[in-house]
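*Asks:* Enclosed is the structure file upload.cif (mmCIF, C-alpha atoms and all ligand atoms).
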```cif
data_my_file
#
loop_
_atom_site.label_atom_id
_atom_site.label_comp_id
_atom_site.auth_asym_id
_atom_site.auth_seq_id
_atom_site.Cartn_x
_atom_site.Cartn_y
_atom_site.Cartn_z
CA MET A 21 -35.86 -114.17 21.28
CA THR A 22 -36.13 -112.69 24.75
CA VAL A 23 -32.98 -112.30 26.73
CA GLU A 24 -33.49 -112.34 30.46
CA LEU A 25 -31.99 -109.32 32.18
CA PRO A 26 -29.69 -109.89 35.12
CA ASP A 27 -31.63 -109.36 38.34
CA ARG A 28 -30.18 -106.04 39.48
CA PRO A 29 -32.39 -103.15 40.65
CA LEU A 30 -30.81 -100.63 38.24
CA PHE A 31 -31.68 -102.92 35.33
CA ASN A 32 -35.18 -103.61 36.66
CA ARG A 33 -35.89 -99.88 36.77
CA PHE A 34 -34.14 -99.00 33.54
CA PRO A 35 -34.42 -102.08 31.27
CA ASN A 36 -32.62 -100.29 28.45
CA ILE A 37 -29.59 -99.88 30.68
CA GLY A 38 -29.83 -103.56 31.56
CA LYS A 39 -29.84 -104.47 27.89
CA ARG A 40 -26.97 -102.20 26.96
CA ILE A 41 -24.37 -102.12 29.67
CA PRO A 42 -21.95 -104.97 30.26
CA PHE A 43 -22.48 -107.31 33.19
CA THR A 44 -21.08 -110.54 34.56
CA PRO A 45 -22.68 -112.08 37.67
CA LEU A 46 -20.32 -112.22 40.66
CA ALA A 47 -22.19 -110.91 43.70
CA THR A 48 -24.68 -112.44 46.13
CA LEU A 49 -27.42 -109.83 46.36
CA PRO A 50 -29.37 -108.27 47.97
CA THR A 51 -27.17 -107.96 51.04
CA PRO A 52 -29.05 -108.02 54.34
CA CYS A 53 -29.86 -105.05 56.59
CA GLU A 54 -29.20 -105.74 60.23
CA SER A 55 -30.84 -103.59 62.88
CA HIS A 56 -29.43 -102.70 66.32
CA GLU A 57 -31.92 -100.70 68.40
CA GLY A 58 -30.38 -97.98 70.51
CA TYR A 59 -26.80 -98.91 69.70
CA GLY A 60 -24.15 -96.41 70.82
CA GLY A 61 -26.76 -93.76 71.61
CA ALA A 62 -28.40 -93.79 68.19
CA GLY A 63 -32.14 -94.41 67.90
CA GLN A 64 -31.27 -97.29 65.66
CA LEU A 65 -28.16 -98.48 63.86
CA VAL A 66 -28.77 -100.45 60.68
CA VAL A 67 -25.78 -102.21 59.14
CA LYS A 68 -25.94 -102.83 55.40
CA ARG A 69 -24.04 -106.07 55.17
CA ASP A 70 -22.03 -105.73 51.99
CA ASP A 71 -19.56 -107.99 53.76
CA PHE A 72 -21.94 -110.71 52.50
CA SER A 73 -21.77 -109.46 48.89
CA GLY A 74 -19.58 -112.32 47.65
CA GLN A 75 -18.87 -115.97 48.43
CA VAL A 76 -15.07 -116.00 48.42
CA TYR A 77 -14.45 -112.28 48.81
CA SER A 78 -16.98 -109.61 49.76
CA GLY A 79 -17.15 -105.86 50.37
CA ASN A 80 -17.99 -102.99 48.06
CA LYS A 81 -15.71 -103.89 45.15
CA VAL A 82 -17.72 -106.96 44.13
CA ARG A 83 -20.67 -104.85 42.96
CA LYS A 84 -18.38 -102.68 40.84
CA LEU A 85 -16.57 -105.63 39.30
CA GLU A 86 -19.79 -107.13 37.94
CA LEU A 87 -19.86 -104.23 35.49
CA LEU A 88 -16.12 -103.60 35.09
CA LEU A 89 -15.20 -107.22 34.38
CA GLY A 90 -18.39 -107.51 32.33
CA ARG A 91 -17.02 -104.82 30.06
CA ALA A 92 -13.57 -106.43 29.85
CA LEU A 93 -15.19 -109.71 28.78
CA GLU A 94 -17.50 -107.99 26.31
CA GLU A 95 -14.58 -106.23 24.69
CA GLY A 96 -12.63 -109.46 24.42
CA ALA A 97 -9.81 -108.44 26.77
CA LYS A 98 -7.51 -111.12 28.09
CA GLU A 99 -6.06 -109.03 30.89
CA VAL A 100 -7.09 -106.19 33.17
CA LEU A 101 -4.74 -103.66 34.72
CA THR A 102 -5.61 -101.77 37.85
CA PHE A 103 -4.14 -99.54 40.58
CA GLY A 104 -4.09 -99.10 44.30
CA TYR A 105 -1.96 -98.97 47.42
CA ALA A 106 0.10 -102.03 48.35
CA GLY A 107 -2.66 -103.54 50.50
CA SER A 108 -5.47 -102.51 48.14
CA ASN A 109 -8.72 -104.41 48.66
CA HIS A 110 -9.70 -103.39 45.16
CA SER A 111 -6.59 -104.93 43.64
CA LEU A 112 -7.21 -108.15 45.56
CA ALA A 113 -10.91 -108.26 44.65
CA THR A 114 -9.97 -107.72 41.01
CA SER A 115 -7.37 -110.52 41.21
CA ILE A 116 -9.93 -112.93 42.62
CA TYR A 117 -12.85 -112.15 40.34
CA ALA A 118 -10.80 -111.61 37.18
CA LYS A 119 -9.38 -115.08 37.64
CA GLN A 120 -12.86 -116.48 38.24
CA VAL A 121 -14.01 -115.19 34.84
CA GLY A 122 -10.82 -116.18 33.04
CA LEU A 123 -8.92 -112.89 32.90
CA ARG A 124 -5.35 -112.20 34.01
CA CYS A 125 -4.78 -109.31 36.39
CA ILE A 126 -1.95 -106.79 36.54
CA SER A 127 -1.76 -104.42 39.54
CA VAL A 128 0.33 -101.27 39.87
CA LEU A 129 0.67 -100.54 43.57
CA LEU A 130 1.82 -97.55 45.63
CA PRO A 131 3.48 -97.52 49.07
CA GLN A 132 1.36 -97.31 52.23
CA PRO A 133 1.76 -97.73 56.00
CA ASN A 134 2.31 -101.35 56.93
CA ALA A 135 -0.38 -103.61 58.39
CA GLN A 136 -1.20 -107.31 58.61
CA TYR A 137 -3.85 -107.02 55.89
CA VAL A 138 -1.24 -105.57 53.50
CA ARG A 139 0.74 -108.80 53.82
CA ARG A 140 -2.38 -110.94 53.48
CA ASN A 141 -3.65 -109.12 50.39
CA LEU A 142 -0.28 -109.09 48.62
CA LEU A 143 0.32 -112.79 49.19
CA ALA A 144 -3.17 -113.74 48.02
CA SER A 145 -2.91 -111.64 44.85
CA PHE A 146 0.50 -113.09 44.08
CA PHE A 147 -0.74 -116.63 44.74
CA LEU A 148 -3.60 -116.06 42.28
CA GLY A 149 -1.14 -115.17 39.55
CA THR A 150 -1.60 -111.40 39.53
CA GLU A 151 1.37 -109.57 38.07
CA LEU A 152 2.36 -107.12 40.80
CA HIS A 153 4.28 -103.92 40.13
CA HIS A 154 5.63 -101.74 42.89
CA VAL A 155 5.80 -98.00 42.13
CA SER A 156 7.34 -95.59 44.59
CA SER A 157 5.23 -92.49 43.88
CA VAL A 158 2.01 -91.27 42.27
CA SER A 159 4.02 -89.48 39.60
CA ALA A 160 5.60 -92.79 38.54
CA VAL A 161 2.26 -94.56 37.98
CA ALA A 162 1.54 -93.23 34.49
CA LEU A 163 4.99 -94.08 33.18
CA THR A 164 5.02 -97.58 34.65
CA THR A 165 1.56 -98.21 33.23
CA ALA A 166 2.55 -96.97 29.78
CA ARG A 167 5.59 -99.26 29.87
CA ILE A 168 3.51 -102.30 30.83
CA VAL A 169 0.87 -101.58 28.19
CA ALA A 170 3.48 -101.08 25.46
CA SER A 171 5.33 -104.29 26.29
CA ARG A 172 2.01 -106.18 26.36
CA LYS A 173 1.08 -104.93 22.92
CA ILE A 174 4.41 -106.10 21.54
CA ARG A 175 4.25 -109.48 23.23
CA THR A 176 0.57 -110.40 22.84
CA GLY A 177 -0.83 -107.87 20.38
CA PHE A 178 -3.42 -106.74 22.94
CA ALA A 179 -3.51 -103.96 25.51
CA PRO A 180 -4.91 -104.85 28.93
CA GLN A 181 -8.25 -103.29 29.85
CA ILE A 182 -7.60 -100.48 32.31
CA ILE A 183 -9.72 -100.39 35.49
CA PRO A 184 -9.23 -97.19 37.53
CA ALA A 185 -8.23 -97.20 41.19
CA GLY A 186 -11.01 -98.47 43.42
CA GLY A 187 -13.06 -99.38 40.34
CA SER A 188 -14.53 -95.88 40.40
CA SER A 189 -15.21 -95.17 36.76
CA ALA A 190 -18.70 -94.07 35.72
CA LEU A 191 -19.43 -97.72 35.00
CA GLY A 192 -18.19 -98.96 38.39
CA THR A 193 -20.09 -96.17 40.15
CA SER A 194 -23.34 -97.25 38.46
CA SER A 195 -23.29 -100.38 40.57
CA PHE A 196 -23.84 -98.22 43.65
CA VAL A 197 -26.80 -96.48 42.06
CA SER A 198 -28.15 -100.01 41.83
CA ALA A 199 -27.12 -100.70 45.44
CA LEU A 200 -29.21 -97.73 46.60
CA PHE A 201 -32.19 -98.99 44.58
CA GLU A 202 -31.65 -102.35 46.31
CA LEU A 203 -31.83 -100.60 49.68
CA ASN A 204 -34.94 -98.72 48.58
CA ASP A 205 -36.61 -102.01 47.62
CA GLN A 206 -35.78 -103.32 51.10
CA ILE A 207 -37.29 -100.19 52.66
CA GLU A 208 -40.44 -100.46 50.55
CA SER A 209 -40.91 -104.13 51.42
CA GLY A 210 -40.53 -103.41 55.14
CA LYS A 211 -37.19 -105.18 55.59
CA CYS A 212 -35.42 -102.03 56.68
CA ASP A 213 -36.28 -98.57 58.03
CA ALA A 214 -35.37 -95.60 55.86
CA PRO A 215 -32.11 -94.21 57.28
CA ASP A 216 -31.69 -90.53 58.09
CA ARG A 217 -27.98 -90.89 57.44
CA ILE A 218 -25.73 -93.42 55.76
CA TYR A 219 -22.17 -93.53 57.12
CA VAL A 220 -19.69 -94.78 54.54
CA PRO A 221 -15.95 -94.33 53.83
CA LEU A 222 -14.91 -91.96 51.02
CA GLY A 223 -11.99 -93.44 49.06
CA SER A 224 -12.03 -93.44 45.28
CA MET A 225 -15.57 -92.02 45.71
CA GLY A 226 -17.57 -94.42 43.55
CA THR A 227 -19.52 -95.83 46.47
CA VAL A 228 -20.54 -92.41 47.77
CA ALA A 229 -21.27 -90.93 44.32
CA GLY A 230 -23.46 -93.88 43.35
CA LEU A 231 -25.41 -93.82 46.63
CA ALA A 232 -25.97 -90.05 46.31
CA ILE A 233 -27.36 -90.40 42.77
CA GLY A 234 -29.65 -93.20 43.92
CA ILE A 235 -30.97 -91.21 46.87
CA VAL A 236 -31.93 -88.25 44.68
CA LEU A 237 -33.62 -90.54 42.16
CA VAL A 238 -35.77 -92.44 44.65
CA GLY A 239 -36.47 -89.30 46.70
CA LEU A 240 -35.31 -90.50 50.11
CA LYS A 241 -34.57 -87.86 52.76
CA THR A 242 -31.31 -89.62 53.58
CA LYS A 243 -27.93 -87.88 53.81
CA VAL A 244 -24.73 -89.67 52.85
CA VAL A 245 -22.12 -89.00 55.51
CA ALA A 246 -18.94 -89.63 53.53
CA VAL A 247 -15.99 -90.11 55.85
CA ARG A 248 -12.85 -89.21 53.95
CA VAL A 249 -10.10 -91.84 54.34
CA VAL A 250 -7.76 -90.70 51.53
CA ASP A 251 -5.73 -87.55 51.02
CA GLU A 252 -7.88 -84.56 50.14
CA ARG A 253 -6.14 -84.26 46.75
CA PHE A 254 -7.68 -87.63 45.79
CA GLY A 255 -11.05 -87.55 47.51
CA ASN A 256 -13.13 -84.42 48.02
CA ALA A 257 -16.58 -82.94 47.40
CA GLN A 258 -15.77 -81.47 44.03
CA LYS A 259 -14.35 -84.71 42.66
CA THR A 260 -17.25 -86.71 44.08
CA LEU A 261 -19.76 -84.42 42.35
CA LYS A 262 -17.79 -84.64 39.11
CA LEU A 263 -17.80 -88.44 39.24
CA ALA A 264 -21.53 -88.42 39.97
CA HIS A 265 -22.11 -86.13 36.98
CA LYS A 266 -20.02 -88.36 34.72
CA THR A 267 -21.99 -91.39 35.90
CA CYS A 268 -25.37 -89.75 35.25
CA THR A 269 -24.21 -88.60 31.82
CA MET A 270 -22.98 -92.07 30.91
CA LEU A 271 -26.26 -93.66 32.00
CA HIS A 272 -28.28 -90.93 30.29
CA ASP A 273 -26.42 -91.62 27.05
CA VAL A 274 -27.33 -95.30 27.35
CA ASP A 275 -30.95 -94.55 28.27
CA PRO A 276 -32.24 -90.94 27.91
CA SER A 277 -34.88 -91.58 30.59
CA PHE A 278 -32.05 -91.69 33.17
CA PRO A 279 -31.78 -88.04 34.32
CA VAL A 280 -28.64 -85.94 34.55
CA ILE A 281 -29.12 -84.72 38.10
CA PRO A 282 -28.27 -81.05 38.78
CA GLU A 283 -25.19 -80.61 40.97
CA GLN A 284 -27.01 -78.76 43.74
CA GLU A 285 -29.40 -81.68 44.26
CA LEU A 286 -26.49 -84.08 44.69
CA ARG A 287 -24.71 -81.61 46.94
CA SER A 288 -27.78 -81.44 49.20
CA VAL A 289 -27.63 -85.18 50.04
CA LEU A 290 -23.88 -85.24 50.57
CA GLU A 291 -21.93 -84.43 53.70
CA ILE A 292 -18.18 -84.97 53.60
CA ARG A 293 -16.39 -85.41 56.91
CA ASP A 294 -12.67 -84.70 57.12
CA GLU A 295 -11.93 -84.97 60.81
CA PHE A 296 -11.55 -88.77 61.08
CA PHE A 297 -8.81 -89.13 58.48
CA GLY A 298 -5.79 -88.71 60.77
CA ARG A 299 -2.40 -88.05 59.27
CA GLN A 300 -2.39 -90.18 56.16
CA TYR A 301 -4.05 -92.95 54.14
CA GLY A 302 -3.78 -96.32 55.84
CA GLU A 303 -2.50 -94.94 59.12
CA PHE A 304 -4.80 -96.12 61.90
CA THR A 305 -6.05 -93.42 64.25
CA PRO A 306 -6.67 -94.24 67.93
CA GLU A 307 -10.40 -93.63 67.27
CA SER A 308 -10.36 -96.03 64.36
CA ILE A 309 -8.63 -98.74 66.40
CA GLU A 310 -11.21 -98.28 69.15
CA ALA A 311 -14.06 -98.39 66.59
CA VAL A 312 -12.74 -101.70 65.19
CA ARG A 313 -12.58 -103.15 68.70
CA ARG A 314 -16.11 -102.04 69.55
CA ALA A 315 -17.54 -103.33 66.26
CA ARG A 316 -15.95 -106.71 66.92
CA GLU A 317 -16.96 -107.02 70.56
CA GLU A 318 -20.37 -105.38 70.50
CA LEU A 319 -21.67 -106.16 67.00
CA SER A 320 -19.54 -109.15 65.88
CA LEU A 321 -18.49 -107.18 62.80
CA ASP A 322 -15.04 -107.52 61.30
CA PHE A 323 -13.72 -104.05 60.42
CA GLU A 324 -10.23 -102.74 59.61
CA GLY A 325 -8.41 -99.52 60.40
CA THR A 326 -8.06 -97.95 56.95
CA TYR A 327 -11.69 -97.63 55.81
CA SER A 328 -14.45 -99.12 57.94
CA GLY A 329 -12.81 -98.26 61.28
CA LYS A 330 -12.50 -94.59 60.35
CA ALA A 331 -16.07 -94.40 59.03
CA PHE A 332 -17.43 -96.22 62.07
CA SER A 333 -15.53 -93.87 64.38
CA ALA A 334 -17.50 -91.01 62.76
CA PHE A 335 -20.77 -92.79 63.53
CA LEU A 336 -19.68 -93.50 67.13
CA HIS A 337 -18.66 -89.87 67.56
CA ASP A 338 -21.96 -88.47 66.28
CA ALA A 339 -23.97 -90.98 68.30
CA ALA A 340 -22.05 -90.16 71.49
CA GLN A 341 -22.72 -86.44 70.88
CA GLY A 342 -26.44 -87.23 70.98
CA GLU A 343 -26.93 -86.18 67.36
CA LEU A 344 -28.53 -89.49 66.43
CA SER A 345 -30.68 -90.17 69.48
CA ASP A 346 -33.96 -89.98 67.53
CA LYS A 347 -32.51 -91.11 64.21
CA THR A 348 -31.96 -94.20 62.14
CA ALA A 349 -28.31 -94.27 61.13
CA MET A 350 -27.06 -96.77 58.58
CA PHE A 351 -23.51 -98.02 58.44
CA TRP A 352 -22.76 -99.32 54.97
CA ASN A 353 -20.23 -102.07 55.60
CA THR A 354 -17.89 -101.89 52.62
CA HIS A 355 -15.34 -104.30 54.08
CA ASN A 356 -14.72 -107.94 53.18
CA SER A 357 -15.32 -110.43 55.97
CA ARG A 358 -14.70 -113.69 54.13
CA ASP A 359 -11.68 -115.76 55.07
CA PHE A 360 -10.27 -115.81 51.54
CA THR A 361 -6.86 -117.04 52.67
CA THR A 362 -8.46 -120.35 53.69
CA ALA A 363 -11.00 -120.42 50.86
CA LEU A 364 -8.29 -120.00 48.25
CA SER A 365 -5.71 -122.12 50.14
CA VAL A 366 -3.21 -119.29 49.79
CA GLU A 367 0.34 -120.49 50.01
CA ALA A 368 3.09 -118.13 48.98
CA ASP A 369 6.53 -116.98 50.04
CA TYR A 370 7.04 -113.24 50.09
CA HIS A 371 10.59 -113.63 48.77
CA ASP A 372 9.02 -114.49 45.40
CA LEU A 373 7.26 -111.10 45.20
CA PRO A 374 8.93 -108.14 43.47
CA LYS A 375 11.58 -106.68 45.77
CA GLY A 376 9.73 -103.43 46.40
CA PHE A 377 7.10 -105.35 48.42
CA HIS A 378 9.51 -107.21 50.71
CA ARG A 379 9.58 -104.43 53.26
CA TYR A 380 5.95 -105.10 54.19
CA PHE A 381 7.05 -108.51 55.45
CA GLU A 382 10.25 -107.35 57.13
CA GLU A 383 9.16 -104.13 58.84
CA ASP A 384 6.87 -103.72 61.84
CA ILE A 385 3.12 -103.57 61.36
CA GLN A 386 0.56 -101.29 63.00
CA ALA A 387 -1.53 -102.84 65.75
CA LEU A 388 -4.82 -104.43 64.51
CA ALA A 389 -5.61 -107.05 61.94
C1 LIG B 1 -12.32 -99.47 48.48
C2 LIG B 1 -12.93 -99.44 49.82
C3 LIG B 1 -13.70 -98.36 50.24
C4 LIG B 1 -13.84 -97.09 49.45
O1 LIG B 1 -14.84 -97.12 48.47
P1 LIG B 1 -14.71 -96.11 47.26
O2 LIG B 1 -15.80 -96.46 46.36
O3 LIG B 1 -13.34 -96.35 46.69
O4 LIG B 1 -14.79 -94.73 47.81
C5 LIG B 1 -14.31 -98.41 51.48
N1 LIG B 1 -14.13 -99.48 52.28
C6 LIG B 1 -13.37 -100.52 51.93
C7 LIG B 1 -13.20 -101.63 52.90
C8 LIG B 1 -12.75 -100.55 50.68
O5 LIG B 1 -11.97 -101.58 50.35
#
```
Produce structure tokens that represent the structure in this file.
*Replies:*
Amino acid sequence: MTVELPDRPLFNRFPNIGKRIPFTPLATLPTPCESHEGYGGAGQLVVKRDDFSGQVYSGNKVRKLELLLGRALEEGAKEVLTFGYAGSNHSLATSIYAKQVGLRCISVLLPQPNAQYVRRNLLASFFLGTELHHVSSVSAVALTTARIVASRKIRTGFAPQIIPAGGSSALGTSSFVSALFELNDQIESGKCDAPDRIYVPLGSMGTVAGLAIGIVLVGLKTKVVAVRVVDERFGNAQKTLKLAHKTCTMLHDVDPSFPVIPEQELRSVLEIRDEFFGRQYGEFTPESIEAVRRAREELSLDFEGTYSGKAFSAFLHDAAQGELSDKTAMFWNTHNSRDFTTALSVEADYHDLPKGFHRYFEEDIQALA
């Protein structure tokens, strides 16, 4: 009997990986490349439209969840448990796609600066039946999680499958190795010019680590400009390289023809930028707010202030400095642009959420969607 492999570039290149690692189809791929000649002072801006990666909800988490939820299903889990900040796109994406494949979702969420999208994401997750837990500090996460897992085991006999913050395990990160192969296929078939740089936010680091591995493997001359949007304790060069190493090792164990790339080769394609972060995670900088406005008005792209706005402000800065005048710069759009509130007919009252989340609906929000 021949089993058809899912059509993903990582699996096409490494069929043994395709046969052996878990997968459930969720995404609409490949995502288009959209070219803007001369934009902002760059030779060319190419936008990789991962905001078309899913029907109901898009952005970079959909690619990761194909593997992460694939594993949960393969292992017979009934529930997944994941982490994030209160407005986490990852938690919401997991809520939506877990439900689609018949899994319950539990989210353990940390405080963050308030914004409209925090309200929107919390209400949608709650409406979908996700069990939301508010924790007040990073140090409380492990204890809360242990408590939830223990009570689950007593009640149902099963522990929920744990998905790390941002979906950035070695498995989740592999989906972005595949995403880079997808881009390379588009370059080779003439649908897109090879970028000199790819601008992308650095959060839980899976997106950046996966792209960097892919670039080394296909031999592009591209640099990943990773714009840090989380505290340096959580996202930095050393941790990114460690995650990349873990990912290579995992894939090498599945298929020995997948190489474990030496650290210095990964380091040479990676450039981490710290100066667009501002004061804290989720706090919009003036540059980020301006970048969101320009993306909307000039490119009809729907960005937000926490991730894509900060990364795009790095591109705008470099372009305005004249650094990109003879270059092709890619902006990898990691943000969702689907109107999931309408698609899912979200109807929920915040008073029904756990008390710790009420403040997001009662306190002021930062300017911007
Ligand atoms: C999660 C997220 C990121 C960060 O990606 P990581 O793989 O966690 O580094 C970037 N942009 C948006 C919109 C996200 O939701």
*Asks:* With all atoms listed in the file as the basis for distance, which of A:Gly187, A:Pro215, A:Gly210, A:Gly302 is at the shortest distance from Val250 (chain A)?
*Replies:*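 Selected residue with least distance to Val250 (chain A): A:Gly302.
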*Asks:* Neighbours of ligand LIG 1 (chain B) at 6 Å or closer, counting only C-alpha atoms and all ligand atoms: which residues, as a list in words?
*Replies:* Asn109, His110, Gly186, Pro221, Leu222, Gly223, Ser224, Met225, Gly226, Thr227, Tyr327, Ser328, Thr354 and His355 of chain A
*Asks:* Please determine the residues with any atom at most 7 Å from (-34.5, -91.2, 54.6) (coordinates as given in the file, with all atoms listed in the file counting) and report them as a PyMOL selection string.
*Replies:* chain A and resi 214-216+240-242
*Asks:* Can I get the selected residues back with C-alpha atoms, as a PDB file, in the frame of the given file?
*Replies:*
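Final file, result.pdb:
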```pdb
ATOM      1  CA  ALA A 214     -35.370 -95.600  55.860  1.00  0.00           C
ATOM      2  CA  PRO A 215     -32.110 -94.210  57.280  1.00  0.00           C
ATOM      3  CA  ASP A 216     -31.690 -90.530  58.090  1.00  0.00           C
ATOM      4  CA  LEU A 240     -35.310 -90.500  50.110  1.00  0.00           C
ATOM      5  CA  LYS A 241     -34.570 -87.860  52.760  1.00  0.00           C
ATOM      6  CA  THR A 242     -31.310 -89.620  53.580  1.00  0.00           C
TER       7      THR A 242
END
```
*Asks:* By how many Å are CA of Glu252 (chain A) and CA of Asp384 (chain A) apart?
*Replies:*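 Value for the CA of Glu252 (chain A)-CA of Asp384 (chain A) distance: 26.9 Å.
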*Asks:* Write out as a compact mmCIF listing (two decimals) with C-alpha atoms, in the frame of the given file the residues lying within 8 Å of Ala246 (chain A), counting all atoms listed in the file and excluding same-chain residues fewer than 6 positions away.
*Replies:*
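The resulting out.txt:
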```txt
# COMPACT_ATOMS: atom_id res chain seq x y z
CA TYR A 219 -22.17 -93.53 57.12
CA VAL A 220 -19.69 -94.78 54.54
CA PRO A 221 -15.95 -94.33 53.83
CA LEU A 222 -14.91 -91.96 51.02
CA VAL A 228 -20.54 -92.41 47.77
CA LEU A 290 -23.88 -85.24 50.57
CA GLU A 291 -21.93 -84.43 53.70
CA ILE A 292 -18.18 -84.97 53.60
CA ARG A 293 -16.39 -85.41 56.91
CA ALA A 331 -16.07 -94.40 59.03
```
*Asks:* Env of Phe335 (chain A): 12 Å cut, atoms = only C-alpha atoms, seq-sep filter 3 positions within chain, self excluded. Answer as an MDAnalysis selection string.
*Replies:* chainID A and resid 59:62 64:67 217:221 244:247 293 296 307:308 311 314:315 328:332 338:345 347:352
*Asks:* Hey, what's within 8 Å of region 23-31 of chain A if we count all atoms listed in the file and toss same-chain stuff fewer than 4 positions away? As a PyMOL selection string, please?
*Replies:* chain A and resi 35-39+43+45+195+197-199+201-202
*Asks:* With 12 Å as the cut-off and all atoms listed in the file counted, what is the closest atom pair between each nearby residue of region 83-200 of chain A and region 255-263 of chain A? Distances in Å to one decimal, ordered by chain and number, as a Markdown table.
*Replies:*
```
| residue | atom | partner | partner_atom | distance |
| --- | --- | --- | --- | --- |
| A:Ala185 | CA | A:Gly255 | CA | 11.9 |
| A:Gly186 | CA | A:Gly255 | CA | 11.7 |
| A:Gly187 | CA | A:Leu263 | CA | 12.0 |
| A:Ser188 | CA | A:Leu263 | CA | 8.2 |
| A:Ser189 | CA | A:Leu263 | CA | 7.6 |
| A:Ala190 | CA | A:Leu263 | CA | 6.7 |
| A:Leu191 | CA | A:Leu263 | CA | 10.3 |
| A:Gly192 | CA | A:Leu263 | CA | 10.6 |
| A:Thr193 | CA | A:Leu263 | CA | 8.1 |
| A:Ser194 | CA | A:Leu263 | CA | 10.4 |
```
*Asks:* When distances are computed from all atoms listed in the file, which of A:Leu85, A:Tyr301, A:Val121, A:Ala162 shows the smallest separation from Asp251 (chain A)?
*Replies:* A:Tyr301
*Asks:* Identify which of the residues A:Leu373, A:Glu317, A:Leu364, A:Cys268 lies closest to Ser115 (chain A), counting all atoms listed in the file when measuring atom-to-atom distances.
*Replies:*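 The shortest atom-to-atom distance to Ser115 (chain A) comes from A:Leu364.
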*Asks:* Which one of A:Pro133, A:Gly234, A:Gly239, A:Pro282 sits closest to Gly325 (chain A) if you count only C-alpha atoms?
*Replies:*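 Smallest separation from Gly325 (chain A) among the options: A:Pro133.
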*Asks:* Using all atoms listed in the file, pick whichever of A:Leu321, A:Ala106, A:Leu336, A:Ala170 has the shortest atom-to-atom distance to Ser157 (chain A).
*Replies:*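 The shortest atom-to-atom distance to Ser157 (chain A) comes from A:Ala106.
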*Asks:* With all atoms listed in the file as the basis for distance, which of A:Gln120, A:Phe360, A:Phe304, A:Ala232 is at the shortest distance from Asn134 (chain A)?
*Replies:*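 Answer, going by the shortest atom-to-atom distance: A:Phe304.
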*Asks:* Extract, using only C-alpha atoms, all DNA, RNA and protein residues at most 10 Å from Asp71 (chain A), discarding same-chain residues fewer than 4 positions from it, and format them as a ChimeraX atom specification.
*Replies:* /A:51-52,75,77-80,82,321-323,352-358
*Asks:* Suppose you want the space between CA of His378 (chain A) and CA of Thr362 (chain A); what is it in Å?
*Replies:*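 Going from CA of His378 (chain A) over to CA of Thr362 (chain A), I get 22.5 Å.
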*Asks:* Need the shell around Thr361 (chain A): protein/DNA/RNA residues with any atom at most 9 Å away, counting only C-alpha atoms. Skip same-chain ones fewer than 4 positions apart. Format as number ranges by chain?
*Replies:* A: 140-141, 144, 365-367
*Asks:* Work out how far CA of Asn32 (chain A) is from CA of Leu88 (chain A), in Å to one decimal.
*Replies:*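 Distance reported for this atom pair: 19.1 Å.
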